[in-house]
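Participant: Data file upload31.csv (CSV, C-alpha atoms) is appended below.
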chain,number,residue,atom,x,y,z
A,194,MET,CA,-13.9,-36.2,15.9
A,195,ALA,CA,-10.6,-37.8,14.8
A,196,ALA,CA,-8.0,-38.1,17.4
A,197,PRO,CA,-5.1,-35.6,17.3
A,198,SER,CA,-2.0,-36.8,15.4
A,199,ARG,CA,1.5,-35.5,14.9
A,200,LEU,CA,1.9,-33.4,11.8
A,201,SER,CA,5.1,-32.0,10.3
A,202,ALA,CA,6.0,-30.0,7.2
A,203,SER,CA,9.0,-28.8,5.2
A,204,VAL,CA,9.3,-26.4,2.4
A,205,SER,CA,11.6,-26.8,-0.6
A,206,TRP,CA,11.1,-24.5,-3.6
A,207,ASN,CA,12.6,-25.1,-7.0
A,208,ALA,CA,12.3,-23.5,-10.4
A,209,ALA,CA,9.7,-25.9,-11.6
A,210,ASP,CA,7.4,-25.3,-8.6
A,211,ASP,CA,8.1,-21.5,-8.5
A,212,PRO,CA,8.5,-19.7,-11.8
A,213,GLY,CA,8.7,-16.4,-9.9
A,214,GLY,CA,12.0,-17.3,-8.4
A,215,HIS,CA,11.2,-16.4,-4.8
A,216,GLN,CA,13.9,-16.1,-2.2
A,217,LEU,CA,12.6,-17.5,1.0
A,218,ASP,CA,13.6,-17.1,4.6
A,219,PRO,CA,10.1,-17.9,5.4
A,220,SER,CA,7.6,-17.7,8.2
A,221,LEU,CA,4.7,-20.2,8.3
A,222,GLU,CA,1.2,-19.7,9.5
A,223,ILE,CA,-1.3,-22.6,9.7
A,224,TYR,CA,-5.1,-21.9,10.0
A,225,ASP,CA,-8.0,-24.2,10.6
A,226,PRO,CA,-11.0,-24.3,8.2
A,227,ASN,CA,-12.5,-21.4,10.2
A,228,LEU,CA,-9.4,-19.3,9.5
A,229,GLN,CA,-8.4,-19.5,13.2
A,230,PRO,CA,-4.6,-19.7,13.8
A,231,VAL,CA,-3.3,-23.1,14.7
A,232,ARG,CA,0.4,-22.5,14.6
A,233,THR,CA,3.0,-19.9,13.7
A,234,GLN,CA,6.7,-20.4,13.2
A,235,TYR,CA,9.2,-17.9,12.0
A,236,ASP,CA,12.3,-18.6,9.9
A,237,PHE,CA,11.5,-22.2,9.5
A,238,GLY,CA,13.0,-24.9,7.3
A,239,VAL,CA,11.1,-27.7,8.9
A,240,VAL,CA,8.1,-27.5,11.3
A,241,ALA,CA,8.5,-29.9,14.1
A,242,GLY,CA,5.6,-32.2,14.8
A,243,PHE,CA,2.7,-30.8,16.7
A,244,ALA,CA,-0.7,-32.1,17.7
A,245,ALA,CA,-3.5,-31.4,15.2
A,246,VAL,CA,-6.7,-33.1,14.0
A,247,PRO,CA,-6.2,-34.5,10.5
A,248,GLY,CA,-8.1,-32.5,7.9
A,249,VAL,CA,-7.7,-29.5,5.6
A,250,TYR,CA,-5.6,-26.6,6.8
A,251,TYR,CA,-4.9,-23.3,5.2
A,252,VAL,CA,-1.3,-22.2,5.1
A,253,ARG,CA,0.3,-18.8,4.6
A,254,ILE,CA,4.0,-18.4,3.8
A,255,SER,CA,5.7,-15.0,3.9
A,256,SER,CA,9.4,-13.9,3.9
A,257,ALA,CA,10.9,-10.9,5.5
A,258,SER,CA,14.0,-11.3,3.3
A,259,ALA,CA,12.4,-11.8,0.0
A,260,THR,CA,12.9,-9.3,-2.7
A,261,ARG,CA,9.5,-10.0,-4.3
A,262,THR,CA,7.0,-7.2,-3.8
A,263,LEU,CA,3.7,-8.9,-5.0
A,264,GLY,CA,2.5,-12.2,-3.9
A,265,GLN,CA,-0.8,-14.0,-3.8
A,266,TYR,CA,-0.7,-17.4,-2.2
A,267,ASN,CA,-3.8,-19.5,-1.8
A,268,LEU,CA,-2.1,-22.6,-0.4
A,269,GLN,CA,-3.9,-25.7,1.0
A,270,TRP,CA,-2.2,-28.5,2.9
A,271,SER,CA,-4.4,-31.6,2.7
A,272,VAL,CA,-3.5,-34.3,5.2
A,273,SER,CA,-4.6,-37.7,4.0
A,274,SER,CA,-3.2,-41.1,3.3
A,275,GLN,CA,-2.9,-40.2,-0.3
A,276,ALA,CA,-1.2,-36.9,0.2
A,277,ASP,CA,2.5,-36.4,-0.1
A,278,TYR,CA,2.5,-34.0,2.8
A,279,GLY,CA,3.5,-31.1,0.6
A,280,PHE,CA,2.2,-27.7,-0.3
A,281,ARG,CA,0.0,-27.2,-3.3
A,282,ASP,CA,-1.3,-24.0,-4.8
A,283,PRO,CA,-4.8,-24.5,-6.3
A,284,GLU,CA,-5.0,-21.0,-7.7
A,285,GLU,CA,-2.9,-18.6,-9.7
A,286,TYR,CA,-0.2,-16.6,-7.9
A,287,TYR,CA,1.9,-13.7,-8.9
A,288,GLY,CA,5.7,-13.9,-8.5
A,289,GLY,CA,6.1,-10.1,-8.5
A,290,VAL,CA,9.3,-8.4,-9.5
A,291,SER,CA,12.7,-7.9,-7.8
A,292,ASP,CA,13.8,-4.8,-5.9
A,293,ALA,CA,10.5,-2.9,-6.2
A,294,THR,CA,10.5,-0.2,-3.6
A,295,ALA,CA,7.6,2.1,-4.7
A,296,MET,CA,4.2,1.3,-6.2
A,297,ALA,CA,1.3,3.2,-7.8
A,298,LEU,CA,-2.1,2.2,-9.4
A,299,ALA,CA,-2.9,3.8,-12.8
A,300,ASP,CA,-4.0,2.9,-16.3
A,301,LEU,CA,-0.7,2.9,-18.0
A,302,THR,CA,-1.9,0.9,-21.0
A,303,GLY,CA,-4.9,2.9,-22.1
A,304,ASP,CA,-7.4,0.0,-21.9
A,305,GLY,CA,-9.5,1.5,-19.1
A,306,ARG,CA,-8.2,-1.0,-16.5
A,307,THR,CA,-6.1,0.0,-13.5
A,308,ASP,CA,-2.6,-1.5,-13.7
A,309,VAL,CA,0.0,-2.0,-11.0
A,310,VAL,CA,3.1,0.1,-11.6
A,311,LEU,CA,6.4,-0.6,-9.7
A,312,ALA,CA,9.5,1.4,-9.5
A,313,ARG,CA,12.6,-0.8,-9.0
A,314,ALA,CA,15.8,0.1,-7.3
A,315,SER,CA,19.2,0.0,-8.9
A,316,SER,CA,22.8,1.0,-8.0
A,317,ASP,CA,25.1,3.2,-10.1
A,318,PRO,CA,25.7,2.6,-13.0
A,319,THR,CA,22.8,0.2,-13.5
A,320,PRO,CA,19.6,2.1,-14.6
A,321,GLY,CA,16.4,1.7,-12.6
A,322,ILE,CA,13.3,0.1,-14.1
A,323,ILE,CA,9.6,1.0,-14.2
A,324,THR,CA,7.5,-2.1,-14.5
A,325,VAL,CA,3.9,-2.1,-15.5
A,326,LEU,CA,1.8,-5.2,-14.5
A,327,ASP,CA,-1.0,-4.8,-17.1
A,328,GLN,CA,-4.4,-5.8,-15.6
A,329,GLN,CA,-6.0,-8.4,-17.9
A,330,PRO,CA,-9.7,-8.6,-18.9
A,331,ASP,CA,-10.3,-11.3,-16.3
A,332,GLY,CA,-8.7,-9.1,-13.5
A,333,THR,CA,-5.5,-11.0,-13.2
A,334,LEU,CA,-2.0,-9.6,-13.5
A,335,PRO,CA,1.0,-10.7,-15.4
A,336,ASP,CA,3.8,-12.3,-13.4
A,337,GLY,CA,7.1,-10.5,-13.0
A,338,GLY,CA,8.7,-13.9,-12.7
A,339,PHE,CA,8.5,-14.6,-16.4
A,340,LEU,CA,5.0,-16.1,-16.6
A,341,THR,CA,2.7,-15.0,-19.4
A,342,PRO,CA,1.7,-12.4,-20.4
A,343,PRO,CA,5.0,-10.7,-19.7
A,344,ALA,CA,5.2,-7.6,-17.6
A,345,LYS,CA,6.0,-4.4,-19.4
A,346,GLU,CA,9.5,-3.0,-18.6
A,347,TYR,CA,10.7,0.6,-19.1
A,348,PRO,CA,14.4,1.1,-18.2
A,349,SER,CA,15.2,4.5,-16.8
A,350,PRO,CA,18.2,6.5,-17.9
A,351,TYR,CA,19.2,7.0,-14.3
A,352,PRO,CA,20.2,4.8,-11.4
A,353,MET,CA,17.7,5.3,-8.6
A,354,PHE,CA,16.4,4.1,-5.3
A,355,PRO,CA,12.6,4.9,-5.4
A,356,GLU,CA,11.2,6.1,-2.1
A,357,ASP,CA,7.7,7.0,-3.2
A,358,MET,CA,5.6,7.1,-6.4
A,359,SER,CA,2.3,8.8,-7.4
A,360,ALA,CA,0.2,8.8,-10.6
A,361,GLY,CA,-1.7,11.7,-12.2
A,362,ASP,CA,-2.1,13.7,-15.4
A,363,ILE,CA,0.9,16.1,-15.4
A,364,ASP,CA,0.6,17.4,-18.9
A,365,GLY,CA,-3.2,17.7,-19.4
A,366,ASP,CA,-3.5,15.1,-22.2
A,367,GLY,CA,-5.9,12.9,-20.3
A,368,ASP,CA,-3.4,10.1,-19.7
A,369,ALA,CA,-2.1,9.0,-16.3
A,370,ASP,CA,1.6,9.9,-15.8
A,371,LEU,CA,4.0,9.1,-13.0
A,372,ALA,CA,6.3,11.0,-10.5
A,373,ILE,CA,8.9,9.1,-8.5
A,374,ALA,CA,10.8,10.3,-5.5
A,375,ALA,CA,14.1,8.6,-6.4
A,376,ASN,CA,16.4,9.4,-3.4
A,377,GLY,CA,17.8,12.9,-4.3
A,378,PHE,CA,15.7,13.7,-7.3
A,379,VAL,CA,12.3,13.4,-8.9
A,380,LEU,CA,11.7,11.3,-12.0
A,381,THR,CA,8.6,12.0,-14.1
A,382,ALA,CA,7.4,9.6,-16.7
A,383,ARG,CA,4.7,10.8,-19.1
A,384,GLN,CA,2.7,8.5,-21.3
A,385,VAL,CA,3.6,8.9,-25.0
A,386,PRO,CA,3.0,6.7,-28.0
A,387,GLY,CA,5.1,3.6,-27.6
A,388,GLY,CA,6.2,4.1,-24.0
A,389,LEU,CA,7.1,6.5,-21.2
A,390,ALA,CA,9.0,9.8,-21.7
A,391,GLN,CA,11.2,10.2,-18.6
A,392,GLN,CA,12.7,13.4,-17.2
A,393,ARG,CA,14.9,14.0,-14.2
A,394,LEU,CA,14.0,17.0,-11.9
A,395,ASP,CA,16.5,18.2,-9.3
A,396,ILE,CA,14.0,18.2,-6.5
A,397,PRO,CA,15.3,16.5,-3.2
A,398,ALA,CA,11.9,14.9,-2.4
A,399,PHE,CA,11.6,11.8,-0.3
A,400,ARG,CA,7.7,11.8,-0.3
A,401,LEU,CA,5.5,13.1,-3.1
A,402,LEU,CA,2.0,13.2,-4.3
A,403,LEU,CA,0.4,14.2,-7.7
A,404,ALA,CA,-2.9,16.0,-7.0
A,405,ASP,CA,-4.8,18.7,-8.8
A,406,VAL,CA,-4.5,21.2,-6.0
A,407,THR,CA,-5.4,24.1,-8.3
A,408,ARG,CA,-8.3,22.4,-9.9
A,409,ASP,CA,-7.3,23.2,-13.5
A,410,GLY,CA,-7.3,19.6,-14.8
A,411,ILE,CA,-3.5,19.2,-14.6
A,412,ALA,CA,-1.9,17.5,-11.6
A,413,ASP,CA,0.4,19.6,-9.4
A,414,LEU,CA,3.4,18.2,-7.6
A,415,VAL,CA,3.3,18.0,-3.8
A,416,THR,CA,6.7,17.1,-2.2
A,417,THR,CA,8.2,16.5,1.2
A,418,GLU,CA,11.8,17.6,0.9
A,419,GLY,CA,14.9,17.3,3.1
A,420,GLY,CA,18.2,19.1,3.3
A,421,GLY,CA,18.3,22.9,3.6
A,422,GLY,CA,14.7,23.3,2.4
A,423,LEU,CA,12.9,21.0,4.8
A,424,GLY,CA,9.2,21.0,4.4
A,425,VAL,CA,6.2,20.4,2.2
A,426,TYR,CA,6.1,22.2,-1.2
A,427,VAL,CA,3.5,22.6,-4.0
A,428,ARG,CA,4.6,23.2,-7.6
A,429,THR,CA,1.8,24.1,-10.0
A,430,GLY,CA,1.5,21.8,-13.0
A,431,SER,CA,1.1,22.9,-16.6
A,432,ALA,CA,1.5,21.4,-20.1
A,433,GLY,CA,5.1,22.8,-20.0
A,434,GLY,CA,6.1,21.4,-16.6
A,435,PHE,CA,6.0,22.3,-13.0
A,436,GLY,CA,6.3,25.9,-11.7
A,437,ALA,CA,8.3,27.3,-8.8
A,438,PRO,CA,8.0,25.7,-5.4
A,439,ARG,CA,5.7,27.2,-2.8
A,440,LEU,CA,6.2,26.3,0.9
A,441,VAL,CA,3.0,24.9,2.4
A,442,ASP,CA,4.3,23.4,5.7
A,443,PRO,CA,7.8,23.7,7.2
A,444,SER,CA,7.5,20.2,8.7
A,445,PRO,CA,8.5,17.1,6.8
A,446,LEU,CA,5.3,15.1,6.4
A,447,GLY,CA,4.7,11.5,5.4
A,448,HIS,CA,1.6,9.7,4.3
A,449,LEU,CA,0.5,12.7,2.2
A,450,VAL,CA,-3.1,12.7,1.1
A,451,ALA,CA,-5.1,15.3,-0.8
A,452,THR,CA,-8.8,15.9,-0.1
A,453,ASP,CA,-11.2,18.7,0.6
A,454,VAL,CA,-11.4,18.6,4.4
A,455,ASP,CA,-13.8,21.5,4.9
A,456,ALA,CA,-16.1,21.2,1.9
A,457,ASP,CA,-15.2,24.6,0.6
A,458,GLY,CA,-14.3,23.4,-2.9
A,459,ASP,CA,-10.5,23.7,-2.4
A,460,VAL,CA,-8.1,20.8,-2.3
A,461,ASP,CA,-6.4,20.5,1.1
A,462,LEU,CA,-3.5,18.3,2.3
A,463,VAL,CA,-3.2,15.9,5.3
A,464,GLY,CA,0.1,14.3,6.4
A,465,VAL,CA,1.9,12.9,9.4
A,466,ASN,CA,4.9,14.4,11.2
A,467,ASN,CA,7.1,12.6,13.7
A,468,PRO,CA,9.2,15.4,15.3
A,469,GLU,CA,12.2,14.4,17.3
A,470,ASN,CA,11.3,16.5,20.3
A,471,VAL,CA,7.7,15.3,20.7
A,472,ALA,CA,6.8,11.9,22.1
A,473,ASN,CA,3.7,11.6,20.0
A,474,ASP,CA,3.2,11.6,16.2
A,475,VAL,CA,1.4,14.7,14.9
A,476,VAL,CA,-1.2,14.9,12.1
A,477,HIS,CA,-1.0,18.1,10.1
A,478,VAL,CA,-4.0,19.4,8.2
A,479,ALA,CA,-3.1,22.1,5.6
A,480,ARG,CA,-6.2,23.9,4.5
A,481,GLN,CA,-6.3,26.0,1.4
A,482,ALA,CA,-8.4,29.2,1.2
A,483,GLY,CA,-8.0,31.8,-1.6
A,484,GLY,CA,-4.5,30.5,-2.4
A,485,VAL,CA,-3.3,30.8,1.2
A,486,TRP,CA,-2.4,27.8,3.3
A,487,PHE,CA,-3.4,27.4,7.0
A,488,VAL,CA,-1.7,24.5,8.9
A,489,THR,CA,-3.2,22.9,12.0
A,490,ALA,CA,-1.5,20.2,14.0
A,491,THR,CA,-3.1,17.5,16.3
A,492,GLU,CA,-1.0,15.3,18.5
A,493,ILE,CA,-1.9,11.6,18.3
A,494,GLY,CA,-1.0,8.9,20.8
A,495,GLN,CA,2.5,7.7,21.2
A,496,GLY,CA,3.9,5.4,18.6
A,497,GLY,CA,4.3,5.4,14.8
A,498,ILE,CA,1.5,5.8,12.4
A,499,GLY,CA,1.7,3.1,9.8
A,500,GLY,CA,-1.0,4.4,7.5
A,501,LEU,CA,-3.3,7.3,6.9
A,502,GLY,CA,-6.3,7.9,4.7
A,503,ALA,CA,-8.5,11.0,4.4
A,504,GLY,CA,-11.8,11.8,2.8
A,505,PRO,CA,-15.6,12.2,3.3
A,506,LEU,CA,-16.7,9.1,5.2
A,507,LEU,CA,-19.8,10.5,6.9
A,508,ASP,CA,-22.8,12.3,5.4
A,509,GLY,CA,-23.0,16.0,5.9
A,510,GLY,CA,-19.8,17.4,4.3
A,511,GLY,CA,-16.3,17.7,5.6
A,512,ALA,CA,-13.8,14.9,5.9
A,513,GLU,CA,-12.5,12.2,8.2
A,514,VAL,CA,-8.9,11.1,8.8
A,515,VAL,CA,-8.3,7.4,9.3
A,516,LEU,CA,-5.1,6.4,11.1
A,517,SER,CA,-3.4,3.0,11.6
A,518,PRO,CA,-1.2,3.7,14.6
A,519,ASP,CA,1.0,1.2,16.5
A,520,TYR,CA,-0.7,1.8,19.8
A,521,ARG,CA,-4.1,0.5,18.5
A,522,GLY,CA,-2.7,-3.0,18.1
A,523,GLY,CA,-3.9,-3.5,14.6
A,524,ASP,CA,-7.2,-1.5,14.8
A,525,VAL,CA,-7.7,1.8,13.1
A,526,GLU,CA,-9.2,5.0,14.4
A,527,VAL,CA,-11.5,7.5,12.6
A,528,ARG,CA,-11.3,11.2,13.5
A,529,THR,CA,-13.5,14.0,12.0
A,530,VAL,CA,-11.7,17.2,10.8
A,531,GLN,CA,-13.0,20.1,12.9
A,532,ALA,CA,-13.9,23.6,11.6
A,533,GLY,CA,-10.4,24.9,12.5
A,534,GLY,CA,-8.5,22.0,11.0
A,535,SER,CA,-7.9,20.0,14.2
A,536,LEU,CA,-9.0,16.4,14.6
A,537,GLY,CA,-11.8,15.3,16.8
A,538,PRO,CA,-11.8,12.4,19.2
A,539,PRO,CA,-11.2,8.9,17.8
A,540,THR,CA,-13.7,6.3,17.0
A,541,VAL,CA,-11.8,3.0,17.2
A,542,LEU,CA,-12.6,0.6,14.4
A,543,ASP,CA,-11.7,-3.0,14.0
A,544,PRO,CA,-12.5,-3.7,10.3
A,545,THR,CA,-11.8,-7.4,10.7
A,546,PRO,CA,-14.9,-9.4,9.8
A,547,PRO,CA,-15.8,-12.3,12.2
A,548,GLY,CA,-14.1,-15.5,11.5
A,549,THR,CA,-10.9,-14.0,10.1
A,550,PHE,CA,-7.5,-13.5,11.7
A,551,GLN,CA,-5.9,-10.1,12.2
A,552,THR,CA,-2.3,-9.5,13.1
A,553,PRO,CA,-1.5,-6.5,15.4
A,554,ASN,CA,0.7,-4.6,13.0
A,555,ALA,CA,-0.2,-1.1,11.8
A,556,GLY,CA,-0.1,-0.8,8.1
A,557,LEU,CA,-1.5,0.8,4.9
A,558,VAL,CA,-4.9,2.5,5.0
A,559,ARG,CA,-6.8,3.6,1.9
A,560,LEU,CA,-10.3,5.0,1.5
A,561,VAL,CA,-12.1,3.6,-1.6
A,562,ASP,CA,-15.7,2.8,-2.5
A,563,VAL,CA,-15.6,-1.0,-2.2
A,564,THR,CA,-19.4,-1.6,-2.0
A,565,GLY,CA,-20.4,0.5,-4.9
A,566,ASP,CA,-22.8,2.7,-3.0
A,567,GLY,CA,-21.0,6.0,-3.7
A,568,ARG,CA,-19.5,6.2,-0.2
A,569,LEU,CA,-15.9,5.8,0.7
A,570,ASP,CA,-15.1,2.7,2.8
A,571,VAL,CA,-12.0,1.9,4.9
A,572,VAL,CA,-9.5,-0.6,3.6
A,573,ALA,CA,-6.6,-1.6,5.9
A,574,ALA,CA,-3.7,-3.9,5.1
A,575,HIS,CA,-1.4,-4.8,8.0
A,576,ASN,CA,2.3,-5.1,7.8
A,577,GLY,CA,3.7,-8.6,7.8
A,578,ARG,CA,0.8,-11.1,7.9
A,579,GLY,CA,-2.9,-10.7,7.8
A,580,ALA,CA,-5.6,-10.3,5.2
A,581,VAL,CA,-6.7,-7.1,3.6
A,582,GLU,CA,-9.6,-5.8,5.8
A,583,ILE,CA,-12.6,-3.7,4.8
A,584,ALA,CA,-15.0,-1.7,6.9
A,585,PRO,CA,-17.8,-0.3,4.7
A,586,SER,CA,-19.2,3.1,5.8
A,587,THR,CA,-23.0,3.7,6.1
A,588,GLY,CA,-22.4,7.5,6.2
A,589,THR,CA,-23.8,7.7,9.7
A,590,GLY,CA,-20.9,6.5,11.8
A,591,VAL,CA,-22.2,3.0,12.0
A,592,TRP,CA,-19.8,0.5,10.4
A,593,SER,CA,-21.0,-2.9,9.1
A,594,TRP,CA,-20.0,-5.6,6.7
A,595,PRO,CA,-22.0,-6.5,3.6
A,596,GLY,CA,-24.5,-9.1,4.5
A,597,GLY,CA,-23.8,-8.8,8.2
Would you mind writing the structure in this file as structure tokens?
Facilitator:
Amino acid sequence: MAAPSRLSASVSWNAADDPGGHQLDPSLEIYDPNLQPVRTQYDFGVVAGFAAVPGVYYVRISSASATRTLGQYNLQWSVSSQADYGFRDPEEYYGGVSDATAMALADLTGDGRTDVVLARASSDPTPGIITVLDQQPDGTLPDGGFLTPPAKEYPSPYPMFPEDMSAGDIDGDGDADLAIAANGFVLTARQVPGGLAQQRLDIPAFRLLLADVTRDGIADLVTTEGGGGLGVYVRTGSAGGFGAPRLVDPSPLGHLVATDVDADGDVDLVGVNNPENVANDVVHVARQAGGVWFVTATEIGQGGIGGLGAGPLLDGGGAEVVLSPDYRGGDVEVRTVQAGGSLGPPTVLDPTPPGTFQTPNAGLVRLVDVTGDGRLDVVAAHNGRGAVEIAPSTGTGVWSWPGG
């Protein structure tokens, strides 16, 4: 084995190296070939020398102050006598777009591929922008930093600060449309020939979800609203727009998810409440039966919940709720919804495969079929640094990774 030597590094971005135009106040993580962390330094310009064995190292750069939303960096730093001790990117990366504060996934181009849709903030009188990163046939995305193919941009008639966005068919024409909680109002954007038809609705929502709660083929609007009408509301969708609001839960819920929690054929809702007078976060399950809503609350351990997913993970009907809470230190927990709507005891799950590095920051949770076996799997993405982690479900409560 080679003797340790002193390594150092610096980062200097310019327009030629970085067409995306990133703004960096960066953090640096260096990993060995087994993806084990070697060194982490925050807010660096130059990394002081440190002992390391010469070889190939994997490097991750992130920036808390960057305005870029999307970034895929596969950077290798090869230390050799021929190297210039700089960073090189052997694969394609996406510069993203500036000031994006909400995101949804939907086919906004009609080609059958799922696109990334971003809602971008603006201040009065500058209009906001909806940006569509059109997924290409090879699975790549266009770069918002002016690489080709260009991103599709749809200026909004209104200044806005997007807080949440959801996709669904709001007019029954079979196309995916958008709803954006825009800090004081809701902006809808329907697919029409040649673009998006946008409409402002005076609904003070700060969280929203498009879901076919009524099972009529048209998405309904679920909102969490502030002000004098605090709570969660459902407005029934139709080809002519949304109906009158109906109060489902008087608590302001975040992380809204729609699923059938009790296998009765109705669409139910799950969300998180963080009441000021309660030390613990609370998960609310709103069950629908015959057009009547029944809300059950379950207190969870102290600390914020960074992500929530809900859906049938285990065979036998019903649904599970997957939480990414601060107190789990980067792990997630799975709880089965009981007959009365409360949550059962947690099964703690670390979806990190062996040989990879996880950071202890709660973050986004989604339930999707990753393995193609027809079952939902757990996907967790931690805030800050760390790879996307996947825990495939076997349907029996035993969690394993493909091939291991």
Participant: Which one is closest to Ala574 in chain A: A:Thr429, A:Ser517, A:Thr407, A:Gln392? Count only C-alpha atoms.
Facilitator: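 For Ala574 in chain A, the nearest of the given residues is A:Ser517.
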Participant: Could you work out how far CA of Val478 in chain A lies from CA of Val463 in chain A, giving the answer in Å with one decimal?
Facilitator: 4.6 Å
Participant: Can you work out which one of A:Gln329, A:Asn473, A:Asn466, A:Thr381 has the shortest atom-to-atom distance to Tyr351 in chain A, counting all atoms listed in the file?
Facilitator: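 With all atoms listed in the file as the atom set, the closest residue is A:Thr381.
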Participant: So how many Å separate CA of Val527 in chain A and CA of Val541 in chain A, to one decimal?
Facilitator: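 CA of Val541 in chain A lies at a distance of 6.4 Å from CA of Val527 in chain A.
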Participant: For Val425 in chain A, which of A:Val460, A:Val488, A:Ala584, A:Ala372 is the closest residue, counting only C-alpha atoms?
Facilitator: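 Nearest candidate to Val425 in chain A out of A:Val460, A:Val488, A:Ala584, A:Ala372: A:Val488.
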Participant: Could you work out how far CA of Thr302 in chain A lies from CA of His448 in chain A, giving the answer in Å with one decimal?
Facilitator: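 CA of Thr302 in chain A lies at a distance of 27.0 Å from CA of His448 in chain A.
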Participant: I'd like the neighbourhood of Leu311 in chain A as a short mmCIF file (atom, residue, chain, number, x, y, z; two decimals) with C-alpha atoms, in the frame of the given file, where a residue qualifies if any of its atoms comes within 12 Å (using only C-alpha atoms), though same-chain residues fewer than 5 positions away should be ignored.
Facilitator:
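Produced file selection_20.cif, reproduced below:
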data_model
loop_
_atom_site.label_atom_id
_atom_site.label_comp_id
_atom_site.auth_asym_id
_atom_site.auth_seq_id
_atom_site.Cartn_x
_atom_site.Cartn_y
_atom_site.Cartn_z
CA ARG A 261 9.50 -10.00 -4.30
CA THR A 262 7.00 -7.20 -3.80
CA LEU A 263 3.70 -8.90 -5.00
CA GLY A 289 6.10 -10.10 -8.50
CA VAL A 290 9.30 -8.40 -9.50
CA SER A 291 12.70 -7.90 -7.80
CA ASP A 292 13.80 -4.80 -5.90
CA ALA A 293 10.50 -2.90 -6.20
CA THR A 294 10.50 -0.20 -3.60
CA ALA A 295 7.60 2.10 -4.70
CA MET A 296 4.20 1.30 -6.20
CA ALA A 297 1.30 3.20 -7.80
CA LEU A 298 -2.10 2.20 -9.40
CA ALA A 299 -2.90 3.80 -12.80
CA LEU A 301 -0.70 2.90 -18.00
CA GLY A 321 16.40 1.70 -12.60
CA ILE A 322 13.30 0.10 -14.10
CA ILE A 323 9.60 1.00 -14.20
CA THR A 324 7.50 -2.10 -14.50
CA VAL A 325 3.90 -2.10 -15.50
CA LEU A 326 1.80 -5.20 -14.50
CA ASP A 327 -1.00 -4.80 -17.10
CA GLY A 337 7.10 -10.50 -13.00
CA ALA A 344 5.20 -7.60 -17.60
CA LYS A 345 6.00 -4.40 -19.40
CA GLU A 346 9.50 -3.00 -18.60
CA TYR A 347 10.70 0.60 -19.10
CA PRO A 348 14.40 1.10 -18.20
CA PHE A 354 16.40 4.10 -5.30
CA PRO A 355 12.60 4.90 -5.40
CA GLU A 356 11.20 6.10 -2.10
CA ASP A 357 7.70 7.00 -3.20
CA MET A 358 5.60 7.10 -6.40
CA SER A 359 2.30 8.80 -7.40
CA ALA A 360 0.20 8.80 -10.60
CA LEU A 371 4.00 9.10 -13.00
CA ALA A 372 6.30 11.00 -10.50
CA ILE A 373 8.90 9.10 -8.50
#
Participant: Which one of A:Val563, A:Ala375, A:Ala382, A:Leu536 sits closest to Asp455 in chain A if you count only C-alpha atoms?
Facilitator: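 When distances to Asp455 in chain A are compared using only C-alpha atoms, the smallest one comes from A:Leu536.
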Participant: Please identify all polymer residues within 9 Å of range 396-400 of chain A, counting all atoms listed in the file, omitting same-chain residues fewer than 3 positions from it, and present them as an mmCIF file with C-alpha atoms, in the frame of the given file.
Facilitator:
data_model
loop_
_atom_site.group_PDB
_atom_site.id
_atom_site.type_symbol
_atom_site.label_atom_id
_atom_site.label_comp_id
_atom_site.auth_asym_id
_atom_site.auth_seq_id
_atom_site.Cartn_x
_atom_site.Cartn_y
_atom_site.Cartn_z
ATOM 1 C CA PRO A 355 12.600 4.900 -5.400
ATOM 2 C CA GLU A 356 11.200 6.100 -2.100
ATOM 3 C CA ASP A 357 7.700 7.000 -3.200
ATOM 4 C CA MET A 358 5.600 7.100 -6.400
ATOM 5 C CA ILE A 373 8.900 9.100 -8.500
ATOM 6 C CA ALA A 374 10.800 10.300 -5.500
ATOM 7 C CA ALA A 375 14.100 8.600 -6.400
ATOM 8 C CA ASN A 376 16.400 9.400 -3.400
ATOM 9 C CA GLY A 377 17.800 12.900 -4.300
ATOM 10 C CA PHE A 378 15.700 13.700 -7.300
ATOM 11 C CA VAL A 379 12.300 13.400 -8.900
ATOM 12 C CA ARG A 393 14.900 14.000 -14.200
ATOM 13 C CA VAL A 415 3.300 18.000 -3.800
ATOM 14 C CA THR A 416 6.700 17.100 -2.200
ATOM 15 C CA THR A 417 8.200 16.500 1.200
ATOM 16 C CA GLU A 418 11.800 17.600 0.900
ATOM 17 C CA GLY A 419 14.900 17.300 3.100
ATOM 18 C CA GLY A 420 18.200 19.100 3.300
ATOM 19 C CA GLY A 422 14.700 23.300 2.400
ATOM 20 C CA PRO A 445 8.500 17.100 6.800
ATOM 21 C CA LEU A 446 5.300 15.100 6.400
ATOM 22 C CA GLY A 447 4.700 11.500 5.400
ATOM 23 C CA HIS A 448 1.600 9.700 4.300
ATOM 24 C CA LEU A 449 0.500 12.700 2.200
#
Participant: Using all atoms listed in the file, which of A:Asp508, A:Glu513, A:Asp395, A:Asp364 sits nearest Thr452 in chain A?
Facilitator: A:Glu513
Participant: If we count all atoms listed in the file, what is near Ser535 in chain A at a cut-off of 7 Å, once residues fewer than 4 positions away on the same chain are taken out, given as number ranges by chain?
Facilitator: A: 489-491, 530-531
Participant: So that all listed atoms of range 449-467 of chain A fit with 6 Å spare on each side, what axis-aligned box centre and edge lengths in Å, to one decimal, would you give as lines of an AutoDock Vina configuration file?
Facilitator:
center_x = -4.5
center_y = 18.6
center_z = 5.4
size_x = 35.2
size_y = 24.0
size_z = 28.6
Participant: Determine the nearest neighbour of Asp524 in chain A from the options A:Leu501, A:Ala573, A:Val561, A:Ala512, counting all atoms listed in the file.
Facilitator: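 For Asp524 in chain A, the nearest of the candidates is A:Ala573.
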